[in-house]
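J.: You'll find start_31.txt just under this line, and it carries compact mmCIF, C-alpha atoms and all ligand atoms.
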```txt
# COMPACT_ATOMS: atom_id res chain seq x y z
CA MET A 13 39.62 13.88 -26.07
CA GLN A 14 39.47 14.67 -22.39
CA ASN A 15 36.71 13.28 -20.27
CA THR A 16 35.40 11.11 -23.08
CA LYS A 17 32.40 9.08 -21.92
CA THR A 18 32.44 5.37 -22.53
CA ILE A 19 29.22 3.66 -23.49
CA LEU A 20 28.82 -0.09 -23.57
CA VAL A 21 26.10 -1.22 -25.96
CA LEU A 22 24.70 -4.74 -25.60
CA ALA A 23 23.07 -6.15 -28.70
CA SER A 24 21.84 -9.71 -28.92
CA GLN A 25 20.18 -8.70 -32.20
CA PHE A 26 21.32 -6.44 -35.01
CA LYS A 27 19.70 -3.25 -33.73
CA GLY A 28 20.54 0.23 -32.57
CA VAL A 29 22.82 1.43 -35.37
CA PRO A 30 21.59 5.05 -35.10
CA LEU A 31 22.17 4.95 -31.33
CA ILE A 32 25.79 3.90 -31.83
CA GLU A 33 26.34 6.49 -34.56
CA GLU A 34 24.85 9.24 -32.45
CA PHE A 35 26.94 8.45 -29.38
CA HIS A 36 30.00 8.55 -31.64
CA LYS A 37 28.92 11.88 -33.14
CA LEU A 38 28.50 13.25 -29.64
CA GLY A 39 32.11 12.41 -28.90
CA CYS A 40 31.59 9.25 -26.85
CA ARG A 41 33.61 6.09 -27.02
CA VAL A 42 31.37 3.18 -27.97
CA LEU A 43 32.08 -0.42 -27.02
CA LEU A 44 29.78 -2.91 -28.70
CA LEU A 45 29.23 -6.30 -27.18
CA CYS A 46 27.07 -8.29 -29.54
CA ALA A 47 25.89 -11.79 -30.26
CA GLU A 48 28.08 -13.97 -32.46
CA LYS A 49 25.22 -14.43 -34.95
CA THR A 50 25.33 -10.70 -35.80
CA ARG A 51 28.95 -10.90 -37.00
CA CYS A 52 28.06 -10.43 -40.65
CA GLU A 53 25.67 -7.54 -40.08
CA ALA A 54 26.42 -4.00 -41.17
CA TRP A 55 27.53 -2.59 -37.81
CA PRO A 56 28.75 1.02 -38.12
CA THR A 57 32.41 0.15 -37.49
CA HIS A 58 33.54 3.77 -37.96
CA ALA A 59 31.59 4.67 -34.82
CA ILE A 60 32.76 1.76 -32.68
CA THR A 61 35.97 1.85 -30.64
CA GLU A 62 36.02 -1.88 -29.95
CA GLN A 63 33.59 -4.62 -30.83
CA PHE A 64 33.28 -7.91 -28.94
CA TYR A 65 31.31 -11.05 -29.65
CA MET A 66 29.83 -13.65 -27.36
CA PRO A 67 27.77 -16.69 -28.40
CA LYS A 68 24.91 -15.42 -26.21
CA LEU A 69 24.64 -12.34 -24.03
CA ASN A 70 22.23 -13.71 -21.46
CA VAL A 71 24.38 -16.47 -19.98
CA PHE A 72 25.37 -15.84 -16.36
CA PRO A 73 27.95 -15.47 -14.90
CA ASP A 74 29.80 -15.45 -18.26
CA ILE A 75 28.54 -12.01 -19.25
CA LEU A 76 29.34 -10.55 -15.80
CA HIS A 77 32.87 -11.88 -16.04
CA ALA A 78 33.37 -10.75 -19.63
CA VAL A 79 32.21 -7.19 -18.94
CA SER A 80 34.11 -7.00 -15.65
CA HIS A 81 37.21 -7.96 -17.57
CA LEU A 82 36.51 -5.21 -20.07
CA ALA A 83 36.03 -2.76 -17.21
CA ARG A 84 39.63 -3.34 -16.11
CA SER A 85 40.77 -1.24 -19.05
CA TYR A 86 37.73 0.90 -19.78
CA ASN A 87 35.88 3.10 -17.32
CA ILE A 88 32.33 2.26 -18.44
CA ASP A 89 30.01 5.22 -17.85
CA ARG A 90 26.80 3.82 -19.25
CA ILE A 91 25.40 0.45 -20.31
CA ILE A 92 22.61 0.31 -22.87
CA GLY A 93 20.71 -2.83 -23.90
CA VAL A 94 19.07 -2.51 -27.30
CA ASP A 95 16.88 -5.62 -27.49
CA ASP A 96 14.31 -6.94 -25.03
CA PHE A 97 16.61 -9.47 -23.40
CA ASP A 98 19.48 -6.98 -23.34
CA VAL A 99 17.40 -4.62 -21.17
CA GLU A 100 17.45 -7.22 -18.42
CA VAL A 101 21.10 -8.16 -18.86
CA ALA A 102 22.13 -4.48 -18.89
CA ALA A 103 20.32 -3.97 -15.58
CA ARG A 104 22.16 -6.88 -13.99
CA LEU A 105 25.46 -5.61 -15.28
CA ARG A 106 24.78 -2.13 -13.88
CA GLU A 107 24.11 -3.67 -10.50
CA HIS A 108 27.33 -5.68 -10.69
CA LEU A 109 29.52 -2.81 -11.87
CA ARG A 110 27.57 -0.22 -9.85
CA THR A 111 27.08 1.78 -13.04
CA PRO A 112 24.19 4.28 -12.84
CA GLY A 113 20.96 3.65 -14.70
CA MET A 114 18.02 1.31 -14.41
CA GLY A 115 18.72 -1.50 -11.95
CA ASP A 116 17.26 -4.98 -11.55
CA THR A 117 14.12 -3.98 -9.66
CA THR A 118 12.90 -1.46 -12.24
CA ALA A 119 14.00 -3.56 -15.23
CA ARG A 120 11.90 -6.42 -13.89
CA TYR A 121 8.72 -4.39 -14.42
CA PHE A 122 9.56 -4.05 -18.09
CA ARG A 123 10.58 -7.61 -18.70
CA ASP A 124 8.06 -9.53 -16.64
CA LYS A 125 4.46 -9.31 -17.83
CA LEU A 126 3.25 -10.52 -14.45
CA ALA A 127 5.20 -7.88 -12.53
CA MET A 128 3.95 -5.08 -14.79
CA ARG A 129 0.33 -6.24 -14.47
CA VAL A 130 0.43 -6.50 -10.71
CA LEU A 131 1.95 -3.04 -10.47
CA ALA A 132 -0.46 -1.45 -12.95
CA SER A 133 -3.54 -2.95 -11.32
CA ASP A 134 -2.29 -1.97 -7.85
CA GLU A 135 -2.11 1.57 -9.19
CA GLY A 136 -5.72 1.37 -10.34
CA LEU A 137 -4.88 1.14 -14.04
CA ALA A 138 -7.02 -1.12 -16.23
CA VAL A 139 -5.49 -4.48 -17.16
CA PRO A 140 -7.26 -7.58 -18.51
CA ASP A 141 -8.20 -9.87 -15.57
CA PHE A 142 -5.22 -12.11 -14.96
CA VAL A 143 -3.85 -14.77 -12.64
CA HIS A 144 -0.38 -16.20 -12.08
CA LEU A 145 -0.31 -19.88 -13.10
CA LEU A 146 0.92 -20.80 -9.64
CA ASN A 147 -1.65 -21.77 -7.04
CA ASP A 148 -4.27 -24.36 -8.11
CA ASP A 149 -7.08 -22.91 -6.00
CA LYS A 150 -6.49 -19.40 -7.24
CA VAL A 151 -6.37 -20.55 -10.86
CA ASN A 152 -9.57 -22.58 -10.46
CA HIS A 153 -11.31 -19.63 -8.85
CA TYR A 154 -10.13 -17.43 -11.71
CA LEU A 155 -11.39 -19.92 -14.32
CA SER A 156 -14.81 -20.08 -12.71
CA THR A 157 -15.22 -16.32 -12.30
CA VAL A 158 -13.51 -14.72 -15.31
CA PRO A 159 -15.20 -15.49 -18.63
CA GLY A 160 -13.06 -17.14 -21.34
CA PRO A 161 -11.44 -17.41 -23.72
CA TRP A 162 -8.12 -16.64 -22.07
CA VAL A 163 -4.54 -16.27 -23.19
CA LEU A 164 -1.74 -18.24 -21.62
CA LYS A 165 1.40 -16.10 -21.76
CA PRO A 166 5.02 -16.57 -20.82
CA ARG A 167 6.02 -13.81 -18.42
CA SER A 168 9.17 -12.86 -20.32
CA GLU A 169 8.99 -13.46 -24.03
CA ALA A 170 8.31 -11.10 -26.90
CA GLY A 171 6.84 -11.21 -30.39
CA ALA A 172 3.82 -13.25 -29.26
CA VAL A 173 6.19 -16.20 -28.67
CA GLY A 174 4.48 -18.95 -26.69
CA ILE A 175 1.15 -17.12 -26.35
CA LYS A 176 -1.78 -19.57 -26.57
CA LYS A 177 -5.47 -18.94 -26.72
CA ILE A 178 -7.32 -21.18 -24.27
CA HIS A 179 -11.02 -21.99 -24.54
CA THR A 180 -11.79 -24.35 -21.66
CA ALA A 181 -10.58 -25.01 -18.13
CA GLN A 182 -9.76 -28.54 -19.24
CA ASP A 183 -7.45 -27.20 -21.97
CA LEU A 184 -5.75 -24.94 -19.48
CA TRP A 185 -4.95 -27.79 -17.12
CA ARG A 186 -3.71 -29.91 -20.00
CA TYR A 187 -1.26 -27.20 -21.10
CA SER A 188 -0.32 -26.56 -17.52
CA GLU A 189 0.52 -30.24 -17.10
CA GLU A 190 2.71 -30.07 -20.19
CA LEU A 191 4.52 -27.05 -18.79
CA GLY A 192 5.43 -28.91 -15.60
CA ASP A 193 7.87 -26.86 -13.57
CA LYS A 194 7.76 -24.13 -16.20
CA ARG A 195 4.19 -23.19 -15.33
CA SER A 196 5.21 -20.61 -12.74
CA TYR A 197 6.79 -18.66 -15.61
CA TYR A 198 3.31 -18.16 -17.11
CA LEU A 199 0.24 -16.09 -16.47
CA LEU A 200 -3.32 -16.50 -17.65
CA GLU A 201 -5.28 -13.50 -18.80
CA ARG A 202 -8.69 -12.74 -20.22
CA PHE A 203 -8.70 -12.59 -24.00
CA LEU A 204 -10.23 -9.26 -24.94
CA PRO A 205 -11.10 -8.97 -28.61
CA GLY A 206 -10.43 -5.45 -29.77
CA GLU A 207 -8.05 -3.12 -31.51
CA VAL A 208 -4.42 -3.04 -30.43
CA PHE A 209 -2.52 0.25 -30.10
CA HIS A 210 0.95 1.38 -29.19
CA VAL A 211 2.49 4.50 -27.73
CA ASP A 212 6.16 5.21 -28.27
CA SER A 213 7.69 7.74 -25.96
CA ILE A 214 10.80 9.48 -24.66
CA VAL A 215 11.26 9.91 -20.92
CA PHE A 216 13.63 12.23 -19.13
CA GLU A 217 13.81 12.69 -15.37
CA GLY A 218 10.59 10.73 -14.93
CA LYS A 219 8.61 12.91 -17.38
CA VAL A 220 7.32 11.93 -20.79
CA VAL A 221 8.81 14.57 -23.09
CA PHE A 222 7.58 13.05 -26.36
CA ALA A 223 4.85 10.52 -27.14
CA ARG A 224 3.03 9.40 -30.25
CA ALA A 225 0.18 6.90 -30.46
CA SER A 226 -0.50 4.45 -33.29
CA ARG A 227 -2.95 1.71 -34.14
CA TYR A 228 -2.04 -1.71 -35.45
CA ARG A 229 -4.27 -2.41 -38.44
CA VAL A 230 -4.55 -6.05 -37.40
CA PRO A 231 -3.76 -7.25 -33.85
CA PRO A 232 -0.15 -8.57 -33.81
CA PHE A 233 -1.35 -11.89 -32.38
CA SER A 234 -3.37 -12.57 -35.55
CA VAL A 235 -0.45 -11.60 -37.79
CA TRP A 236 2.04 -13.84 -35.97
CA ASN A 237 -0.39 -16.77 -35.89
CA GLU A 238 -2.40 -16.52 -39.05
CA GLY A 239 0.11 -14.67 -41.21
CA GLY A 240 -0.59 -11.50 -43.14
CA VAL A 241 0.90 -8.07 -43.31
CA PHE A 242 2.03 -6.41 -40.09
CA SER A 243 0.91 -2.83 -40.27
CA THR A 244 0.51 0.20 -38.04
CA LEU A 245 -0.76 3.74 -38.60
CA SER A 246 -0.08 6.84 -36.54
CA LEU A 247 -3.10 8.39 -34.87
CA PRO A 248 -3.73 12.11 -35.31
CA GLU A 249 -2.56 13.88 -32.16
CA THR A 250 -5.97 15.52 -31.80
CA ASP A 251 -7.69 12.13 -31.60
CA PRO A 252 -9.22 11.82 -28.08
CA LEU A 253 -8.26 8.13 -27.95
CA ALA A 254 -4.62 9.01 -28.73
CA GLN A 255 -4.67 11.58 -25.96
CA GLU A 256 -6.17 9.10 -23.51
CA MET A 257 -3.47 6.57 -24.35
CA ILE A 258 -0.68 9.10 -24.02
CA GLU A 259 -2.04 10.01 -20.58
CA PHE A 260 -2.26 6.31 -19.66
CA ASN A 261 1.35 5.87 -20.82
CA ALA A 262 2.51 8.75 -18.61
CA ARG A 263 0.85 7.15 -15.59
CA LEU A 264 2.58 3.86 -16.36
CA VAL A 265 5.98 5.55 -16.67
CA HIS A 266 5.37 7.12 -13.29
CA SER A 267 4.17 3.87 -11.67
CA MET A 268 7.10 1.89 -13.02
CA HIS A 269 9.60 4.50 -11.85
CA LEU A 270 11.26 4.86 -15.21
CA ALA A 271 13.74 7.72 -14.83
CA ARG A 272 14.80 8.11 -18.43
CA GLY A 273 14.88 6.26 -21.71
CA ILE A 274 12.62 5.14 -24.51
CA THR A 275 9.37 3.23 -24.09
CA HIS A 276 7.11 1.14 -26.26
CA THR A 277 3.72 0.50 -24.65
CA GLU A 278 0.79 -1.53 -25.97
CA PHE A 279 -2.92 -1.26 -25.22
CA ILE A 280 -6.11 -3.02 -26.27
CA ARG A 281 -9.38 -1.20 -26.71
CA ALA A 282 -11.82 -3.96 -25.78
CA ASP A 283 -14.86 -4.44 -28.01
CA ILE A 284 -16.95 -5.41 -24.96
CA ASP A 285 -16.79 -2.04 -23.23
CA GLY A 286 -14.76 0.28 -25.48
CA LYS A 287 -12.23 0.82 -22.68
CA LEU A 288 -8.45 0.85 -22.93
CA TYR A 289 -6.55 -1.92 -21.18
CA PHE A 290 -2.82 -2.01 -20.59
CA LEU A 291 -1.07 -4.86 -22.42
CA GLU A 292 2.67 -4.39 -22.00
CA MET A 293 5.45 -1.86 -21.73
CA ALA A 294 9.09 -2.11 -22.80
CA ALA A 295 11.97 0.18 -21.82
CA ARG A 296 13.48 0.27 -25.29
CA VAL A 297 12.75 1.27 -28.86
CA GLY A 298 9.89 -0.83 -30.27
CA GLY A 299 10.95 -3.64 -32.61
CA ALA A 300 9.87 -4.39 -36.19
CA HIS A 301 11.19 -1.02 -37.47
CA LEU A 302 8.70 1.01 -35.45
CA ASP A 303 11.47 3.59 -35.03
CA LEU A 304 11.16 4.42 -38.75
CA HIS A 305 7.40 4.75 -38.44
CA VAL A 306 7.72 7.14 -35.48
CA GLU A 307 10.37 9.13 -37.32
CA ALA A 308 8.17 9.39 -40.41
CA CYS A 309 5.28 10.99 -38.52
CA SER A 310 7.25 13.08 -36.04
CA GLY A 311 10.78 13.60 -37.34
CA ILE A 312 11.97 12.15 -34.01
CA ASN A 313 14.50 9.33 -34.23
CA LEU A 314 14.09 7.44 -30.96
CA TRP A 315 17.53 5.80 -31.15
CA ARG A 316 19.34 9.08 -31.63
CA GLU A 317 17.32 10.80 -28.92
CA TRP A 318 18.17 7.93 -26.58
CA ALA A 319 21.87 8.72 -27.06
CA HIS A 320 21.23 12.44 -26.49
CA LEU A 321 19.29 11.97 -23.28
CA GLU A 322 21.75 9.48 -21.81
CA LEU A 323 24.64 11.80 -22.50
CA ALA A 324 22.74 14.82 -21.14
CA TYR A 325 22.21 12.89 -17.93
CA LEU A 326 25.88 11.88 -17.75
CA LEU A 327 26.97 15.48 -18.19
CA GLY A 328 24.39 16.78 -15.71
CA GLU A 329 22.65 18.74 -18.45
CA ARG A 330 19.00 19.09 -19.36
CA TYR A 331 17.82 17.00 -22.28
CA GLN A 332 15.84 19.04 -24.79
CA CYS A 333 13.65 16.96 -27.11
CA PRO A 334 13.45 18.49 -30.61
CA GLU A 335 10.10 19.94 -31.65
CA PRO A 336 8.20 17.05 -33.30
CA ARG A 337 6.51 17.29 -36.68
CA HIS A 338 2.79 16.59 -36.75
CA ASP A 339 2.64 14.39 -39.83
CA HIS A 340 1.12 10.96 -40.31
CA SER A 341 2.73 7.67 -41.18
CA ALA A 342 2.21 3.96 -41.67
CA LEU A 343 4.54 0.99 -41.58
CA LEU A 344 3.87 -2.27 -43.44
CA ILE A 345 6.00 -5.43 -43.21
CA CYS A 346 5.54 -9.01 -44.35
CA LEU A 347 7.48 -12.16 -45.08
CA ALA A 348 8.11 -12.48 -48.81
CA ARG A 349 8.18 -15.50 -51.08
CA GLU A 350 11.11 -14.10 -53.04
CA GLU A 351 14.54 -13.48 -51.63
CA HIS A 352 14.79 -9.95 -53.03
CA PRO A 353 11.29 -8.66 -53.71
CA ASP A 354 11.21 -5.73 -56.09
CA LEU A 355 9.37 -2.93 -54.29
CA SER A 356 10.00 -0.30 -56.96
CA GLY A 357 6.35 -0.60 -58.06
CA PHE A 358 5.29 0.94 -54.76
CA ASP A 359 6.10 4.33 -56.15
CA ALA A 360 3.73 6.79 -54.49
CA PRO A 361 5.59 9.93 -53.37
CA GLU A 362 4.49 9.07 -49.83
CA VAL A 363 6.82 6.06 -49.70
CA VAL A 364 9.83 7.13 -47.61
CA TRP A 365 11.46 3.75 -46.93
CA ARG A 366 11.61 0.36 -48.64
CA MET A 367 12.88 -2.62 -46.70
CA LYS A 368 16.05 -4.30 -47.92
CA ARG A 369 16.13 -7.62 -46.14
CA ALA A 370 16.11 -11.08 -47.68
CA PHE A 371 12.66 -12.69 -47.81
CA HIS A 372 10.96 -9.59 -46.40
CA ALA A 373 8.95 -6.77 -47.90
CA GLY A 374 8.30 -3.55 -46.04
CA LEU A 375 7.39 0.10 -46.54
CA VAL A 376 7.05 3.28 -44.53
CA LEU A 377 4.62 5.95 -45.72
CA ASN A 378 4.53 9.60 -44.74
CA SER A 379 2.00 12.33 -45.46
CA GLN A 380 0.52 15.40 -43.87
CA ASP A 381 -2.91 14.00 -44.62
CA PRO A 382 -4.09 11.13 -42.37
CA ALA A 383 -6.81 10.13 -44.85
CA ARG A 384 -4.19 9.69 -47.57
CA ILE A 385 -2.12 7.43 -45.28
CA ASP A 386 -5.20 5.40 -44.43
CA GLU A 387 -6.09 4.95 -48.09
CA LEU A 388 -2.56 4.18 -49.30
CA GLU A 389 -1.95 1.73 -46.47
CA ARG A 390 -5.06 -0.21 -47.51
CA VAL A 391 -4.04 -0.33 -51.17
CA TYR A 392 -0.42 -1.27 -50.45
CA ARG A 393 -1.36 -3.84 -47.83
CA LYS A 394 -3.57 -5.62 -50.38
CA ARG A 395 -0.80 -5.47 -52.96
CA LEU A 396 1.81 -6.82 -50.53
CA GLN A 397 -0.60 -9.60 -49.69
CA THR A 398 -1.22 -10.67 -53.26
CA GLU A 399 2.15 -9.91 -54.88
CA PHE A 400 4.71 -10.79 -52.20
CA LEU A 401 3.35 -12.45 -49.09
CA LYS A 402 4.65 -15.88 -48.31
CA ALA A 403 1.66 -18.20 -48.03
N1 LIG B 501 -5.52 -10.20 -23.17
C1 LIG B 501 -5.46 -10.19 -24.49
N2 LIG B 501 -6.58 -10.12 -25.23
C2 LIG B 501 -6.53 -10.12 -26.59
N3 LIG B 501 -5.40 -10.18 -27.29
C3 LIG B 501 -4.25 -10.24 -26.62
C4 LIG B 501 -4.21 -10.24 -25.19
N4 LIG B 501 -2.93 -10.31 -24.81
C5 LIG B 501 -2.20 -10.34 -25.93
N5 LIG B 501 -2.98 -10.30 -27.02
C6 LIG B 501 -2.53 -10.32 -28.42
O1 LIG B 501 -1.23 -10.90 -28.48
C7 LIG B 501 -0.26 -9.94 -28.91
C8 LIG B 501 1.03 -10.13 -28.14
O2 LIG B 501 0.80 -9.95 -26.76
P1 LIG B 501 1.75 -9.09 -25.84
O3 LIG B 501 1.25 -9.15 -24.45
O4 LIG B 501 1.91 -7.73 -26.45
O5 LIG B 501 3.11 -9.91 -25.90
P2 LIG B 501 4.42 -9.81 -26.83
O6 LIG B 501 5.51 -9.48 -25.87
O7 LIG B 501 4.56 -11.19 -27.36
O8 LIG B 501 4.19 -8.75 -27.85
C9 LIG B 501 -0.93 -8.60 -28.71
O9 LIG B 501 -0.42 -7.62 -29.58
C10 LIG B 501 -2.38 -8.92 -28.99
O10 LIG B 501 -2.63 -8.96 -30.39
MG MG B 502 3.39 -6.92 -27.69
```
For this file, produce the structure as structure tokens.

T.:
Amino acid sequence: MQNTKTILVLASQFKGVPLIEEFHKLGCRVLLLCAEKTRCEAWPTHAITEQFYMPKLNVFPDILHAVSHLARSYNIDRIIGVDDFDVEVAARLREHLRTPGMGDTTARYFRDKLAMRVLASDEGLAVPDFVHLLNDDKVNHYLSTVPGPWVLKPRSEAGAVGIKKIHTAQDLWRYSEELGDKRSYYLLERFLPGEVFHVDSIVFEGKVVFARASRYRVPPFSVWNEGGVFSTLSLPETDPLAQEMIEFNARLVHSMHLARGITHTEFIRADIDGKLYFLEMAARVGGAHLDLHVEACSGINLWREWAHLELAYLLGERYQCPEPRHDHSALLICLAREEHPDLSGFDAPEVVWRMKRAFHAGLVLNSQDPARIDELERVYRKRLQTEFLKA
């Protein structure tokens, strides 16, 4: 085919299959550079021109050299990183190869929780009070003026990795001591009890062209630390809180200068004042199968739309987001005691997906009735807890 576009997909995790398939369907050539550990995964080989493996994708300069070598024989038009770390690596590769797309400076806002907080608060957007764990005087001033408890967070991790709740200044300094030279990679932030929400959106030419808000049933921090079922429910689009969050998300997209792509943004509604605070924003499809949840309520597959909008940009065309459905959905996932839990007993007609992964149990529910989703999610969450959850 003439003028075939070549897309390089970076995947340090097994993710992004629909993106690869869609690029292929659209007539693109797909090169997949993935982590060695994903070798046995079900990559869609029919849609991949060449597949390469590296032990790790975030080792420099190895990755720059590997991709530069690849670029001797392929004219790479676009580089897409599917996982959190890949977003950063893709940006560095674009800078090195001078491939268009998000560069280092913009990517930094999405990968560095300190950078995104500074930017958001400079723009007048609400963030929990925070301080960089850098200057002793500033940290001491923060500890004496901002009420605890606080959370100590690594600037660039995901999945609540390394996040610690801190109750006293003494504890903070003890942890800080343990961190040694690593402390400058951390920030301290006020712990705001409240409900946690997410907005998943599609951006083209700096505008949010699709967004849907959802509420985690239990804050992810509690699920990762105390165990339990991870669960989220779409919010009705008429819900004023959903609308406020979608507006907040649009302002963040603007502030962070995201030109195009997919976003996953998280907010807390603090119990103390009922206000929404910005938690974090990623320039990629949300993890933990949130793509299936978004698709169940809206009919929009974020991975496939990502391929469409990137190609539209490459061809100088307008990207047209399909008309979303206005349904409701929930996603439930937990670690299972058994290797292959039998989910056939979750047989309500609203169940549209059952997870097939060893030692995991998961479901996606869809209905036109939000009350039905709310009710079924409660019943199924209890059942997952008692019948399958790993203690
Ligand atoms: N300031 C905070 N107050 C209360 N809970 C928080 C705060 N920051 C994070 N959390 C909890 O920790 C979880 C993970 O934090 P987040 O900043 O989203 O990092 P990650 O990249 O690990 O998801 C959140 O979903 C929330 O439950
Ligand atoms: Mg998060």

J.: What's around stretch 176-190 of chain A at 12 Å? Count only C-alpha atoms, leave out sequence neighbours fewer than 2 positions away in its own chain, and write the answer as a ChimeraX atom specification.

T.: /A:144-148,151-166,172-174,192-205,233-234,236-237

J.: Looking at A:Ser85, A:Ser267, A:Thr398, A:Ser226, which one is nearest to A:Arg129, with distances taken over all atoms listed in the file?

T.: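 Once distances to A:Arg129 are computed over all atoms listed in the file, the minimum belongs to A:Ser267.
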
J.: Work out how far apart atom CA of A:Glu389 and atom O9 of ligand LIG 501 (chain B) are and give it in Å to one decimal.

T.: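 Interatomic distance, atom CA of A:Glu389 to atom O9 of ligand LIG 501 (chain B): 19.4 Å.
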
J.: Can you tell me which residues sit at most 12 Å away from ligand MG 502 (chain B), counting all atoms listed in the file, written as a VMD selection string?

T.: chain A and resid 96 122 to 123 125 165 to 173 175 208 to 211 228 231 to 236 276 to 280 290 to 294 298 to 300

J.: Residues of the last selection are to be written out with C-alpha atoms, as a compact mmCIF listing (two decimals), in the frame of the given file.

T.:
```
# COMPACT_ATOMS: atom_id res chain seq x y z
CA ASP A 96 14.31 -6.94 -25.03
CA PHE A 122 9.56 -4.05 -18.09
CA ARG A 123 10.58 -7.61 -18.70
CA LYS A 125 4.46 -9.31 -17.83
CA LYS A 165 1.40 -16.10 -21.76
CA PRO A 166 5.02 -16.57 -20.82
CA ARG A 167 6.02 -13.81 -18.42
CA SER A 168 9.17 -12.86 -20.32
CA GLU A 169 8.99 -13.46 -24.03
CA ALA A 170 8.31 -11.10 -26.90
CA GLY A 171 6.84 -11.21 -30.39
CA ALA A 172 3.82 -13.25 -29.26
CA VAL A 173 6.19 -16.20 -28.67
CA ILE A 175 1.15 -17.12 -26.35
CA VAL A 208 -4.42 -3.04 -30.43
CA PHE A 209 -2.52 0.25 -30.10
CA HIS A 210 0.95 1.38 -29.19
CA VAL A 211 2.49 4.50 -27.73
CA TYR A 228 -2.04 -1.71 -35.45
CA PRO A 231 -3.76 -7.25 -33.85
CA PRO A 232 -0.15 -8.57 -33.81
CA PHE A 233 -1.35 -11.89 -32.38
CA SER A 234 -3.37 -12.57 -35.55
CA VAL A 235 -0.45 -11.60 -37.79
CA TRP A 236 2.04 -13.84 -35.97
CA HIS A 276 7.11 1.14 -26.26
CA THR A 277 3.72 0.50 -24.65
CA GLU A 278 0.79 -1.53 -25.97
CA PHE A 279 -2.92 -1.26 -25.22
CA ILE A 280 -6.11 -3.02 -26.27
CA PHE A 290 -2.82 -2.01 -20.59
CA LEU A 291 -1.07 -4.86 -22.42
CA GLU A 292 2.67 -4.39 -22.00
CA MET A 293 5.45 -1.86 -21.73
CA ALA A 294 9.09 -2.11 -22.80
CA GLY A 298 9.89 -0.83 -30.27
CA GLY A 299 10.95 -3.64 -32.61
CA ALA A 300 9.87 -4.39 -36.19
```

J.: Taking all atoms listed in the file into account, which of A:Ala295, A:Leu105, A:Val139, A:Ile88 comes nearest ligand LIG 501 (chain B)?

T.: A:Val139

J.: I need the residue nearest A:Ala103 from this list: A:Thr50, A:Leu22, A:Leu401, A:Tyr289. Use only C-alpha atoms for the distance.

T.: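 Checking each of A:Thr50, A:Leu22, A:Leu401, A:Tyr289 against A:Ala103, counting only C-alpha atoms, the winner is A:Leu22.
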
J.: Report as a list in words all protein, DNA and RNA residues lying within 12 Å of A:Arg51, evaluated on all atoms listed in the file, omitting residues in the same chain fewer than 4 positions from it.

T.: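 Neighbouring residues, sequence-local ones excluded: Ala23, Ser24, Gln25, Phe26, Leu44, Leu45, Cys46, Ala47, Trp55, Pro56, Thr57, Gln63, Phe64, Tyr65, Met66 and Pro67 of chain A.
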
J.: Since we have the selection now, will you write its residues out, keeping C-alpha atoms, as a PDB file, keeping the file's coordinate frame?

T.:
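The new file out_33.pdb reads:
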```pdb
ATOM      1  CA  ALA A  23      23.070  -6.150 -28.700  1.00  0.00           C
ATOM      2  CA  SER A  24      21.840  -9.710 -28.920  1.00  0.00           C
ATOM      3  CA  GLN A  25      20.180  -8.700 -32.200  1.00  0.00           C
ATOM      4  CA  PHE A  26      21.320  -6.440 -35.010  1.00  0.00           C
ATOM      5  CA  LEU A  44      29.780  -2.910 -28.700  1.00  0.00           C
ATOM      6  CA  LEU A  45      29.230  -6.300 -27.180  1.00  0.00           C
ATOM      7  CA  CYS A  46      27.070  -8.290 -29.540  1.00  0.00           C
ATOM      8  CA  ALA A  47      25.890 -11.790 -30.260  1.00  0.00           C
ATOM      9  CA  TRP A  55      27.530  -2.590 -37.810  1.00  0.00           C
ATOM     10  CA  PRO A  56      28.750   1.020 -38.120  1.00  0.00           C
ATOM     11  CA  THR A  57      32.410   0.150 -37.490  1.00  0.00           C
ATOM     12  CA  GLN A  63      33.590  -4.620 -30.830  1.00  0.00           C
ATOM     13  CA  PHE A  64      33.280  -7.910 -28.940  1.00  0.00           C
ATOM     14  CA  TYR A  65      31.310 -11.050 -29.650  1.00  0.00           C
ATOM     15  CA  MET A  66      29.830 -13.650 -27.360  1.00  0.00           C
ATOM     16  CA  PRO A  67      27.770 -16.690 -28.400  1.00  0.00           C
TER      17      PRO A  67
END
```

J.: Can you tell me which residues surround stretch 214-219 of chain A at a distance of at most 6 Å, considering only C-alpha atoms, apart from same-chain residues fewer than 2 positions away, and format the answer as a tab-separated table (two decimals) with C-alpha atoms, in the frame of the given file?

T.:
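That gives us around36.tsv:
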```tsv
chain	number	residue	atom	x	y	z
A	221	VAL	CA	8.81	14.57	-23.09
A	222	PHE	CA	7.58	13.05	-26.36
A	270	LEU	CA	11.26	4.86	-15.21
A	271	ALA	CA	13.74	7.72	-14.83
A	272	ARG	CA	14.80	8.11	-18.43
A	273	GLY	CA	14.88	6.26	-21.71
A	274	ILE	CA	12.62	5.14	-24.51
```

J.: Return as lines of an AutoDock Vina configuration file the centre and edge lengths, in Å with one decimal, of the box along x, y and z that encloses every atom of ligand LIG 501 (chain B) in the file, padded by 3 Å per side.

T.:
```
center_x = -0.5
center_y = -9.4
center_z = -26.8
size_x = 18.1
size_y = 9.6
size_z = 13.2
```

J.: Find the spatial neighbours of A:Gly357, counting all atoms listed in the file, within a cut-off of 12 Å - ignore same-chain residues fewer than 4 positions away - and output them as an MDAnalysis selection string.

T.: chainID A and resid 353 361 363 366 375 392 395:396 399:400

J.: Please list as JSON, numbers by chain every residue within 10 Å of A:Pro248, counting all atoms listed in the file and excluding residues in the same chain fewer than 4 positions away.

T.: {"A": [224, 225, 226, 252, 253, 254, 255, 309, 338, 339, 340, 341, 381, 382]}
